$ cat model_33.cif   # mmCIF, C-alpha atoms and all ligand atoms
data_protein
#
loop_
_atom_site.label_atom_id
_atom_site.label_comp_id
_atom_site.auth_asym_id
_atom_site.auth_seq_id
_atom_site.Cartn_x
_atom_site.Cartn_y
_atom_site.Cartn_z
CA MET K 1 -9.22 -29.16 -11.75
CA GLY K 2 -6.83 -27.90 -9.15
CA HIS K 3 -6.28 -27.43 -5.46
CA VAL K 4 -6.24 -23.81 -4.31
CA PHE K 5 -4.86 -22.63 -0.98
CA ILE K 6 -6.27 -19.28 0.22
CA SER K 7 -4.18 -17.83 3.02
CA ARG K 8 -7.05 -15.94 4.73
CA ALA K 9 -10.83 -15.67 4.68
CA VAL K 10 -11.71 -13.10 2.00
CA PRO K 11 -14.86 -11.08 1.28
CA GLY K 12 -17.03 -11.27 -1.83
CA ARG K 13 -17.57 -14.00 -4.40
CA ALA K 14 -14.00 -15.24 -4.79
CA LEU K 15 -14.60 -18.57 -3.11
CA ASP K 16 -17.78 -19.18 -5.13
CA LEU K 17 -15.95 -18.40 -8.37
CA LEU K 18 -13.22 -20.91 -7.58
CA THR K 19 -15.57 -23.69 -6.53
CA ALA K 20 -17.91 -23.02 -9.48
CA ALA K 21 -14.88 -23.52 -11.73
CA GLY K 22 -14.49 -26.95 -10.16
CA HIS K 23 -11.48 -26.35 -7.93
CA SER K 24 -11.05 -27.63 -4.42
CA VAL K 25 -10.34 -24.78 -2.05
CA GLU K 26 -8.71 -24.76 1.35
CA THR K 27 -9.00 -21.49 3.26
CA TRP K 28 -6.73 -20.82 6.21
CA SER K 29 -9.13 -20.01 9.01
CA GLY K 30 -6.79 -18.20 11.37
CA ASP K 31 -7.09 -14.50 12.16
CA LEU K 32 -3.34 -14.29 11.65
CA PRO K 33 -1.57 -15.40 8.48
CA PRO K 34 -0.24 -18.95 8.33
CA PRO K 35 3.25 -19.19 9.87
CA PRO K 36 6.00 -19.57 7.24
CA GLU K 37 6.45 -23.31 7.70
CA THR K 38 2.69 -23.86 7.35
CA LEU K 39 2.51 -21.62 4.31
CA GLY K 40 5.37 -23.58 2.74
CA ALA K 41 3.59 -26.89 3.42
CA LYS K 42 0.30 -25.58 2.00
CA LEU K 43 2.00 -24.31 -1.14
CA ALA K 44 3.78 -27.62 -1.57
CA ALA K 45 0.37 -29.32 -1.83
CA ALA K 46 -1.37 -26.71 -4.01
CA HIS K 47 -1.77 -25.91 -7.70
CA ALA K 48 -2.55 -22.30 -6.89
CA ALA K 49 -1.77 -20.01 -3.98
CA PHE K 50 -4.07 -17.10 -3.17
CA THR K 51 -1.96 -14.83 -0.99
CA THR K 52 -2.04 -11.43 0.71
CA VAL K 53 0.65 -8.84 1.32
CA VAL K 54 1.59 -10.44 4.64
CA ASP K 55 2.34 -13.86 3.18
CA PHE K 56 6.04 -13.83 2.45
CA VAL K 57 6.49 -16.49 -0.22
CA SER K 58 10.18 -17.32 -0.28
CA THR K 59 12.02 -18.71 -3.27
CA GLY K 60 12.61 -21.85 -1.18
CA MET K 61 8.85 -22.30 -0.74
CA LEU K 62 8.34 -21.99 -4.50
CA ALA K 63 11.10 -24.49 -5.19
CA ALA K 64 9.47 -26.96 -2.78
CA ALA K 65 6.06 -26.68 -4.48
CA PRO K 66 6.27 -28.95 -7.53
CA ARG K 67 2.64 -28.52 -8.65
CA LEU K 68 2.29 -24.79 -8.02
CA LYS K 69 1.36 -22.81 -11.15
CA ILE K 70 0.40 -19.42 -9.77
CA VAL K 71 0.80 -17.14 -6.79
CA ALA K 72 -2.19 -14.80 -7.03
CA ASN K 73 -1.62 -11.88 -4.71
CA MET K 74 -4.72 -10.09 -3.47
CA ALA K 75 -2.94 -6.72 -3.71
CA VAL K 76 -1.50 -4.38 -6.25
CA GLY K 77 1.91 -4.60 -4.53
CA TYR K 78 3.85 -7.85 -4.75
CA ASP K 79 7.03 -7.28 -2.78
CA ASN K 80 6.13 -10.39 -0.72
CA VAL K 81 7.15 -12.69 -3.57
CA ASP K 82 9.98 -12.62 -6.10
CA PRO K 83 8.29 -12.64 -9.53
CA VAL K 84 11.56 -13.19 -11.40
CA ALA K 85 12.48 -16.26 -9.38
CA ALA K 86 8.91 -17.54 -9.78
CA ALA K 87 9.02 -17.03 -13.56
CA GLY K 88 12.26 -19.01 -13.66
CA MET K 89 10.35 -21.94 -12.15
CA GLY K 90 7.41 -21.54 -14.54
CA ILE K 91 5.14 -20.02 -11.89
CA TRP K 92 2.91 -17.02 -12.63
CA VAL K 93 2.65 -14.17 -10.15
CA THR K 94 -0.40 -11.91 -10.44
CA ASN K 95 -1.75 -8.81 -8.72
CA THR K 96 -4.95 -6.73 -8.63
CA PRO K 97 -4.25 -3.42 -10.37
CA GLY K 98 -6.77 -0.67 -11.04
CA VAL K 99 -9.46 -1.68 -8.64
CA LEU K 100 -7.98 -0.24 -5.45
CA ALA K 101 -6.57 3.06 -6.67
CA GLU K 102 -9.53 5.26 -5.73
CA THR K 103 -10.05 3.56 -2.38
CA THR K 104 -6.38 3.93 -1.50
CA ALA K 105 -6.38 7.56 -2.64
CA ASP K 106 -9.38 8.21 -0.37
CA MET K 107 -7.36 6.84 2.54
CA ALA K 108 -4.27 8.87 1.69
CA TRP K 109 -6.52 11.91 1.86
CA ALA K 110 -8.13 10.77 5.10
CA LEU K 111 -4.66 10.48 6.62
CA LEU K 112 -3.49 13.79 5.20
CA MET K 113 -6.54 15.60 6.56
CA ALA K 114 -6.35 13.79 9.90
CA ALA K 115 -2.73 14.80 10.39
CA ALA K 116 -3.24 18.36 9.15
CA ARG K 117 -6.24 19.02 11.38
CA ASN K 118 -5.57 16.97 14.51
CA VAL K 119 -8.58 14.71 13.93
CA VAL K 120 -7.14 11.79 15.87
CA ALA K 121 -5.53 13.87 18.62
CA GLY K 122 -8.80 15.81 19.03
CA ASP K 123 -10.85 12.65 19.25
CA ARG K 124 -8.47 11.11 21.76
CA ASP K 125 -8.52 14.24 23.91
CA THR K 126 -12.30 14.51 23.77
CA ARG K 127 -12.79 10.92 24.87
CA ALA K 128 -10.37 11.49 27.75
CA GLY K 129 -12.49 14.39 29.02
CA GLY K 130 -10.15 17.08 27.75
CA TRP K 131 -12.86 19.17 26.02
CA GLN K 132 -13.35 21.91 28.63
CA THR K 133 -14.16 24.84 26.35
CA TRP K 134 -13.67 26.31 22.88
CA SER K 135 -10.04 27.29 22.82
CA PRO K 136 -8.51 29.94 20.56
CA THR K 137 -5.20 28.10 20.73
CA GLY K 138 -6.25 24.46 20.97
CA PHE K 139 -5.37 21.92 18.28
CA LEU K 140 -4.11 24.45 15.78
CA GLY K 141 -3.45 22.62 12.56
CA VAL K 142 -2.38 23.63 9.09
CA ASP K 143 -4.53 24.51 6.09
CA VAL K 144 -4.87 22.00 3.30
CA PHE K 145 -6.77 24.25 0.90
CA GLY K 146 -4.31 26.11 -1.29
CA ALA K 147 -1.25 24.28 0.08
CA THR K 148 1.39 22.46 -1.99
CA LEU K 149 1.15 18.69 -2.29
CA GLY K 150 4.15 16.62 -3.42
CA ILE K 151 3.29 13.22 -4.85
CA VAL K 152 6.14 10.72 -5.03
CA GLY K 153 5.23 8.06 -7.60
CA LEU K 154 2.57 8.99 -10.15
CA GLY K 155 1.05 5.61 -10.90
CA GLU K 156 -2.68 5.04 -10.74
CA ILE K 157 -2.90 5.75 -7.00
CA GLY K 158 -0.70 8.86 -7.18
CA GLU K 159 -2.84 10.13 -10.01
CA ALA K 160 -6.05 9.51 -8.04
CA VAL K 161 -4.55 11.46 -5.12
CA ALA K 162 -3.64 14.31 -7.48
CA ARG K 163 -7.18 14.47 -8.89
CA ARG K 164 -8.59 14.96 -5.42
CA ALA K 165 -6.11 17.78 -4.76
CA THR K 166 -7.61 19.90 -7.51
CA GLY K 167 -10.77 20.27 -5.40
CA PHE K 168 -8.60 21.76 -2.67
CA LYS K 169 -7.04 24.19 -5.15
CA MET K 170 -3.61 22.84 -4.28
CA ARG K 171 -0.42 23.25 -6.23
CA VAL K 172 0.54 19.68 -7.03
CA LEU K 173 4.12 18.61 -7.68
CA TYR K 174 5.09 15.10 -8.61
CA HIS K 175 8.23 13.03 -8.82
CA SER K 176 8.14 9.97 -11.01
CA ARG K 177 10.52 8.03 -13.24
CA THR K 178 8.53 9.11 -16.28
CA HIS K 179 7.18 12.55 -17.07
CA LYS K 180 3.42 12.53 -17.66
CA PRO K 181 2.72 15.52 -19.93
CA ALA K 182 -0.94 14.63 -20.45
CA LEU K 183 -1.58 14.62 -16.71
CA GLU K 184 0.48 17.77 -16.28
CA ALA K 185 -1.82 19.49 -18.77
CA ASP K 186 -5.01 17.94 -17.44
CA LEU K 187 -4.41 18.51 -13.72
CA GLY K 188 -1.83 21.29 -13.72
CA LEU K 189 0.82 19.02 -12.21
CA GLU K 190 4.47 20.08 -12.15
CA HIS K 191 7.30 17.55 -12.34
CA ARG K 192 10.20 18.05 -9.91
CA PRO K 193 13.39 16.22 -8.95
CA LEU K 194 12.76 14.61 -5.56
CA SER K 195 14.90 17.12 -3.62
CA GLU K 196 12.98 20.07 -5.08
CA LEU K 197 9.62 18.45 -4.50
CA LEU K 198 10.54 17.85 -0.86
CA ALA K 199 11.74 21.41 -0.37
CA GLU K 200 8.57 22.96 -1.82
CA SER K 201 5.80 20.72 -0.48
CA ASP K 202 3.58 21.21 2.57
CA PHE K 203 2.44 17.60 2.29
CA VAL K 204 4.42 14.72 0.78
CA SER K 205 2.46 11.60 -0.15
CA LEU K 206 4.29 8.39 -1.10
CA HIS K 207 2.95 6.14 -3.86
CA THR K 208 5.90 4.11 -5.11
CA PRO K 209 6.09 0.33 -5.03
CA LEU K 210 8.78 -1.11 -2.75
CA THR K 211 11.75 -2.14 -4.87
CA ALA K 212 15.52 -2.20 -4.39
CA GLU K 213 15.56 1.38 -5.76
CA THR K 214 12.81 2.76 -3.52
CA ARG K 215 13.83 1.08 -0.25
CA HIS K 216 14.57 3.93 2.20
CA LEU K 217 13.87 6.49 -0.52
CA MET K 218 12.93 8.76 2.38
CA SER K 219 15.87 8.93 4.78
CA THR K 220 17.80 11.51 6.80
CA GLY K 221 18.79 13.68 3.83
CA GLN K 222 15.28 13.69 2.42
CA PHE K 223 13.70 14.65 5.74
CA ALA K 224 16.26 17.42 6.10
CA ALA K 225 15.20 18.73 2.68
CA MET K 226 11.53 18.97 3.74
CA LYS K 227 9.92 22.05 5.28
CA PRO K 228 9.84 21.89 9.09
CA SER K 229 6.08 22.49 8.76
CA ALA K 230 5.57 19.59 6.32
CA ILE K 231 3.64 16.38 6.88
CA LEU K 232 4.57 12.99 5.40
CA VAL K 233 1.81 10.61 4.30
CA ASN K 234 2.66 6.99 3.53
CA THR K 235 0.15 4.53 2.07
CA SER K 236 2.72 2.68 -0.06
CA ARG K 237 5.05 0.37 1.87
CA GLY K 238 6.82 0.87 5.18
CA GLY K 239 10.16 0.03 3.60
CA VAL K 240 10.05 3.11 1.36
CA VAL K 241 10.74 5.09 4.53
CA ASP K 242 13.84 4.72 6.69
CA GLN K 243 11.81 4.58 9.89
CA ASP K 244 14.68 5.36 12.25
CA ALA K 245 15.39 8.47 10.20
CA LEU K 246 11.69 9.39 10.32
CA ILE K 247 11.66 9.04 14.11
CA GLU K 248 14.72 11.28 14.32
CA ALA K 249 13.14 13.83 11.95
CA LEU K 250 10.02 13.98 14.12
CA ARG K 251 12.14 14.26 17.28
CA SER K 252 14.29 17.05 15.91
CA GLY K 253 11.44 18.93 14.28
CA ALA K 254 12.84 18.46 10.79
CA ILE K 255 9.22 17.73 9.79
CA ALA K 256 5.96 18.53 11.55
CA GLY K 257 4.14 15.22 11.42
CA ALA K 258 3.41 11.97 9.68
CA ALA K 259 0.43 9.84 8.78
CA LEU K 260 1.31 6.21 8.19
CA ASP K 261 -0.82 3.33 6.96
CA VAL K 262 2.29 1.19 6.51
CA THR K 263 5.28 0.68 8.79
CA THR K 264 8.30 -1.52 9.38
CA PRO K 265 7.55 -4.05 10.66
CA GLU K 266 3.81 -4.64 10.47
CA PRO K 267 2.18 -4.68 12.90
CA LEU K 268 4.18 -1.84 14.44
CA PRO K 269 5.42 -3.07 17.85
CA LEU K 270 3.77 -1.27 20.75
CA ASP K 271 7.13 -0.05 22.03
CA SER K 272 7.83 1.87 18.80
CA PRO K 273 8.75 5.52 19.50
CA LEU K 274 6.33 6.46 16.70
CA TYR K 275 3.41 5.98 19.10
CA GLY K 276 4.87 8.63 21.37
CA PHE K 277 4.44 11.49 18.89
CA PRO K 278 1.07 13.28 19.15
CA ASN K 279 1.59 14.53 15.61
CA VAL K 280 1.74 11.04 14.11
CA VAL K 281 -1.34 9.15 12.90
CA ILE K 282 -0.99 5.39 12.44
CA THR K 283 -3.49 3.03 10.82
CA PRO K 284 -3.08 -0.74 10.30
CA HIS K 285 -2.46 -1.04 6.52
CA ILE K 286 -6.11 -0.45 5.63
CA ALA K 287 -5.86 1.88 2.63
CA SER K 288 -7.66 -0.56 0.32
CA ALA K 289 -10.10 -1.67 3.00
CA SER K 290 -13.55 -0.88 1.68
CA LEU K 291 -15.89 -3.86 1.40
CA ALA K 292 -16.43 -3.30 -2.30
CA THR K 293 -12.75 -2.94 -3.12
CA ARG K 294 -11.51 -5.83 -1.02
CA SER K 295 -14.27 -8.03 -2.51
CA ARG K 296 -13.25 -7.07 -6.03
CA MET K 297 -9.54 -7.62 -5.24
CA ALA K 298 -10.34 -11.12 -4.00
CA GLU K 299 -12.43 -11.84 -7.10
CA MET K 300 -9.60 -10.66 -9.36
CA ALA K 301 -7.17 -12.98 -7.59
CA ALA K 302 -9.66 -15.83 -8.10
CA GLU K 303 -10.08 -14.93 -11.80
CA ASN K 304 -6.31 -15.03 -12.28
CA ILE K 305 -6.19 -18.49 -10.70
CA ILE K 306 -9.09 -19.78 -12.79
CA ALA K 307 -7.38 -18.60 -15.99
CA VAL K 308 -4.07 -20.26 -15.15
CA LEU K 309 -5.61 -23.53 -13.99
CA LYS K 310 -7.52 -23.59 -17.29
CA GLY K 311 -4.16 -23.44 -19.06
CA THR K 312 -4.45 -19.82 -20.24
CA PRO K 313 -2.35 -16.81 -19.16
CA PRO K 314 -3.66 -14.88 -16.15
CA ILE K 315 -5.45 -11.57 -16.59
CA HIS K 316 -3.05 -9.53 -14.45
CA PRO K 317 0.43 -11.07 -14.63
CA VAL K 318 3.40 -9.31 -13.05
CA ASN K 319 5.84 -11.83 -14.48
CA HIS K 320 6.02 -13.80 -17.70
CA PRO K 321 7.33 -17.35 -17.30
CA ALA K 322 8.89 -18.52 -20.55
CA ASN K 323 7.67 -22.05 -19.83
CA PRO K 324 4.61 -21.90 -17.59
CA ARG K 325 4.05 -25.14 -15.71
CA GLN K 326 1.51 -27.33 -17.43
CA THR K 327 0.97 -30.18 -15.00
C1 LIG Z 401 -1.74 -3.44 -1.96
O1 LIG Z 401 -2.70 -3.74 -2.68
O2 LIG Z 401 -0.57 -3.53 -2.35
C2 LIG Z 401 -2.05 -2.95 -0.59
O3 LIG Z 401 -0.96 -2.64 0.16
C3 LIG Z 401 -2.96 -3.90 0.14
O4 LIG Z 401 -4.20 -3.54 -0.30
#

$ encode --input "model_33.cif" --output "structure tokens"
Amino acid sequence: MGHVFISRAVPGRALDLLTAAGHSVETWSGDLPPPPETLGAKLAAAHAAFTTVVDFVSTGMLAAAPRLKIVANMAVGYDNVDPVAAAGMGIWVTNTPGVLAETTADMAWALLMAAARNVVAGDRDTRAGGWQTWSPTGFLGVDVFGATLGIVGLGEIGEAVARRATGFKMRVLYHSRTHKPALEADLGLEHRPLSELLAESDFVSLHTPLTAETRHLMSTGQFAAMKPSAILVNTSRGGVVDQDALIEALRSGAIAGAALDVTTPEPLPLDSPLYGFPNVVITPHIASASLATRSRMAEMAAENIIAVLKGTPPIHPVNHPANPRQT
């Protein structure tokens, strides 16, 4: 039996699963994540760490945790921990693939629609008493139906976004490391080099993980390649976008707007120039936040921990330690 540290209160049955499997569980009760030194101390005393995307697990923390066998991230992304370094120490890193794709795709669409049709700006204005009359020129947005959508990263979330676009009779372009001929045939998708996708799209939606290759994938040159009428949607990671370049692109009119569920840093400081643009929608990294999905994500993280503490491989590994820790 092991000791599990959970870095935040989580919904669903995760806690019950862990305790039913005989493990002792300590849940951090704060509304904010444990500070780094606390997280390090908790990991040092645990056999399993149940973490979220805002728990940055450094290689030093792993090295100082002699009993730790698994870092189970309650997320599909895992840029908050180095899986290669962890594998070198015999520690599994796991994620929660599959379960959040549809929920995240729903949110990408919510953001796209909100930015295209001034949903947030209209709501804000209405609450402030600005609704004086029906106006032929007020809050003119852009049509989504029939427009061109560019999807950057055609993993499970990108694909789920593309499926929704067919209902809007959109032309859908995608940029991805691998061509996906079956999806091209099924959904009518067209593969493009990134520069061409950017030049042709009315909406660009980002769905790549954050890696050394994708950091600042969208920077000054990429914004310059976009249509001045185009809208950027980001539900992936803030680091995929060079935020200073985005601010400049919005200032100069290189693009028409942005809808961001992720930023750099998170939370976005209140003095960020991004808040000053009426054509920017910002949400607090909630793309996977439905009760059902977050509950299932938590349960998957628990299931990965239970497997590893039983001495078997986890269900959703993102690394493969040659010599997983046994004690
Ligand atoms: C993920 O899963 O990577 C999201 O960013 C958090 O749900």

$ residues_near_ligand --input "model_33.cif" --ligand "ligand LIG 401 (chain Z)" --cutoff "10 Å" --atoms "all atoms listed in the file" --output "compact mmCIF listing (two decimals) with C-alpha atoms, in the coordinates of the input"
# COMPACT_ATOMS: atom_id res chain seq x y z
CA THR K 52 -2.04 -11.43 0.71
CA VAL K 53 0.65 -8.84 1.32
CA VAL K 54 1.59 -10.44 4.64
CA ASN K 73 -1.62 -11.88 -4.71
CA MET K 74 -4.72 -10.09 -3.47
CA ALA K 75 -2.94 -6.72 -3.71
CA VAL K 76 -1.50 -4.38 -6.25
CA GLY K 77 1.91 -4.60 -4.53
CA TYR K 78 3.85 -7.85 -4.75
CA ASP K 79 7.03 -7.28 -2.78
CA ASN K 80 6.13 -10.39 -0.72
CA ASN K 95 -1.75 -8.81 -8.72
CA THR K 96 -4.95 -6.73 -8.63
CA PRO K 97 -4.25 -3.42 -10.37
CA GLY K 98 -6.77 -0.67 -11.04
CA VAL K 99 -9.46 -1.68 -8.64
CA LEU K 100 -7.98 -0.24 -5.45
CA ALA K 101 -6.57 3.06 -6.67
CA THR K 103 -10.05 3.56 -2.38
CA THR K 104 -6.38 3.93 -1.50
CA PRO K 209 6.09 0.33 -5.03
CA LEU K 210 8.78 -1.11 -2.75
CA THR K 235 0.15 4.53 2.07
CA SER K 236 2.72 2.68 -0.06
CA ARG K 237 5.05 0.37 1.87
CA GLY K 238 6.82 0.87 5.18
CA ASP K 261 -0.82 3.33 6.96
CA VAL K 262 2.29 1.19 6.51
CA HIS K 285 -2.46 -1.04 6.52
CA ILE K 286 -6.11 -0.45 5.63
CA ALA K 287 -5.86 1.88 2.63
CA SER K 288 -7.66 -0.56 0.32
CA ALA K 289 -10.10 -1.67 3.00
CA SER K 290 -13.55 -0.88 1.68
CA THR K 293 -12.75 -2.94 -3.12
CA ARG K 294 -11.51 -5.83 -1.02
CA MET K 297 -9.54 -7.62 -5.24

$ closest_residue --input "model_33.cif" --among "K:Ser195, K:Val93, K:Arg117, K:Leu232" --to "Leu149 of chain K" --atoms "only C-alpha atoms"
K:Leu232

$ atom_distance --input "model_33.cif" --atom1 "atom CA of Gln243 of chain K" --atom2 "atom CA of Pro36 of chain K"
25.0 Å

$ residues_near_point --input "model_33.cif" --point "(4.2, 19.6, -7.9)" --cutoff "8 Å" --atoms "all atoms listed in the file" --output "PyMOL selection string"
chain K and resi 148-151+171-175+189-192+197+201

$ closest_residue --input "model_33.cif" --among "K:Ala185, K:Met218, K:Ile306, K:Ala212" --to "Val152 of chain K" --atoms "all atoms listed in the file"
K:Met218

$ atom_distance --input "model_33.cif" --atom1 "atom CA of Lys227 of chain K" --atom2 "atom CA of Gly155 of chain K"
24.7 Å

$ residues_near_point --input "model_33.cif" --point "(-15.8, -10.4, -0.6)" --cutoff "6 Å" --atoms "only C-alpha atoms" --output "ChimeraX atom specification"
/K:10-13,295

$ closest_residue --input "model_33.cif" --among "K:Pro278, K:Pro267, K:Pro83, K:Gly129" --to "Pro321 of chain K" --atoms "only C-alpha atoms"
K:Pro83

$ closest_residue --input "model_33.cif" --among "K:Ala160, K:Ala259, K:Leu198, K:Ala245" --to "Ala115 of chain K" --atoms "only C-alpha atoms"
K:Ala259

$ atom_distance --input "model_33.cif" --atom1 "atom CA of Asp202 of chain K" --atom2 "atom CA of Pro228 of chain K"
9.1 Å

$ decode --input "model_33.cif" --residues "segment 8-17 of chain K" --atoms "all heavy atoms" --output "short mmCIF file (atom, residue, chain, number, x, y, z; two decimals), in the first residue's frame"
data_model
loop_
_atom_site.label_atom_id
_atom_site.label_comp_id
_atom_site.auth_asym_id
_atom_site.auth_seq_id
_atom_site.Cartn_x
_atom_site.Cartn_y
_atom_site.Cartn_z
N ARG K 8 -4.64 18.87 -5.44
CA ARG K 8 -5.85 19.71 -5.31
C ARG K 8 -7.05 18.80 -5.08
O ARG K 8 -7.03 17.62 -5.44
CB ARG K 8 -6.13 20.49 -6.61
CG ARG K 8 -4.99 21.31 -7.09
CD ARG K 8 -4.71 22.48 -6.19
NE ARG K 8 -5.68 23.54 -6.39
CZ ARG K 8 -5.72 24.28 -7.50
NH1 ARG K 8 -4.84 24.11 -8.45
NH2 ARG K 8 -6.63 25.22 -7.63
N ALA K 9 -8.11 19.39 -4.51
CA ALA K 9 -9.37 18.63 -4.40
C ALA K 9 -9.89 18.37 -5.82
O ALA K 9 -9.85 19.27 -6.67
CB ALA K 9 -10.39 19.44 -3.62
N VAL K 10 -10.33 17.14 -6.08
CA VAL K 10 -10.77 16.78 -7.44
C VAL K 10 -12.19 16.22 -7.38
O VAL K 10 -12.58 15.63 -6.36
CB VAL K 10 -9.81 15.75 -8.09
CG1 VAL K 10 -8.46 16.37 -8.36
CG2 VAL K 10 -9.68 14.49 -7.26
N PRO K 11 -12.94 16.38 -8.49
CA PRO K 11 -14.30 15.86 -8.50
C PRO K 11 -14.33 14.35 -8.77
O PRO K 11 -13.33 13.77 -9.20
CB PRO K 11 -14.97 16.63 -9.65
CG PRO K 11 -13.85 16.93 -10.58
CD PRO K 11 -12.61 17.09 -9.74
N GLY K 12 -15.51 13.75 -8.54
CA GLY K 12 -15.70 12.36 -8.94
C GLY K 12 -15.22 11.36 -7.89
O GLY K 12 -15.02 11.70 -6.72
N ARG K 13 -14.97 10.14 -8.36
CA ARG K 13 -14.71 9.01 -7.47
C ARG K 13 -13.23 8.72 -7.25
O ARG K 13 -12.87 7.68 -6.68
CB ARG K 13 -15.39 7.75 -8.05
CG ARG K 13 -16.91 7.86 -8.13
CD ARG K 13 -17.51 6.76 -9.01
NE ARG K 13 -16.93 5.46 -8.79
CZ ARG K 13 -16.17 4.79 -9.67
NH1 ARG K 13 -15.90 5.32 -10.86
NH2 ARG K 13 -15.69 3.60 -9.40
N ALA K 14 -12.36 9.60 -7.71
CA ALA K 14 -10.93 9.31 -7.66
C ALA K 14 -10.44 8.96 -6.26
O ALA K 14 -9.73 7.97 -6.05
CB ALA K 14 -10.14 10.49 -8.21
N LEU K 15 -10.86 9.78 -5.31
CA LEU K 15 -10.41 9.57 -3.93
C LEU K 15 -10.90 8.21 -3.40
O LEU K 15 -10.14 7.46 -2.78
CB LEU K 15 -10.99 10.71 -3.08
CG LEU K 15 -10.29 11.06 -1.80
CD1 LEU K 15 -8.86 11.47 -2.09
CD2 LEU K 15 -11.04 12.23 -1.13
N ASP K 16 -12.16 7.90 -3.69
CA ASP K 16 -12.73 6.62 -3.25
C ASP K 16 -11.97 5.46 -3.87
O ASP K 16 -11.70 4.45 -3.21
CB ASP K 16 -14.21 6.51 -3.66
CG ASP K 16 -15.06 7.49 -2.89
OD1 ASP K 16 -14.58 8.01 -1.86
OD2 ASP K 16 -16.20 7.75 -3.33
N LEU K 17 -11.62 5.58 -5.14
CA LEU K 17 -10.88 4.50 -5.81
C LEU K 17 -9.55 4.26 -5.10
O LEU K 17 -9.15 3.11 -4.87
CB LEU K 17 -10.62 4.85 -7.28
CG LEU K 17 -11.84 4.94 -8.21
CD1 LEU K 17 -11.41 5.37 -9.61
CD2 LEU K 17 -12.57 3.60 -8.27
#
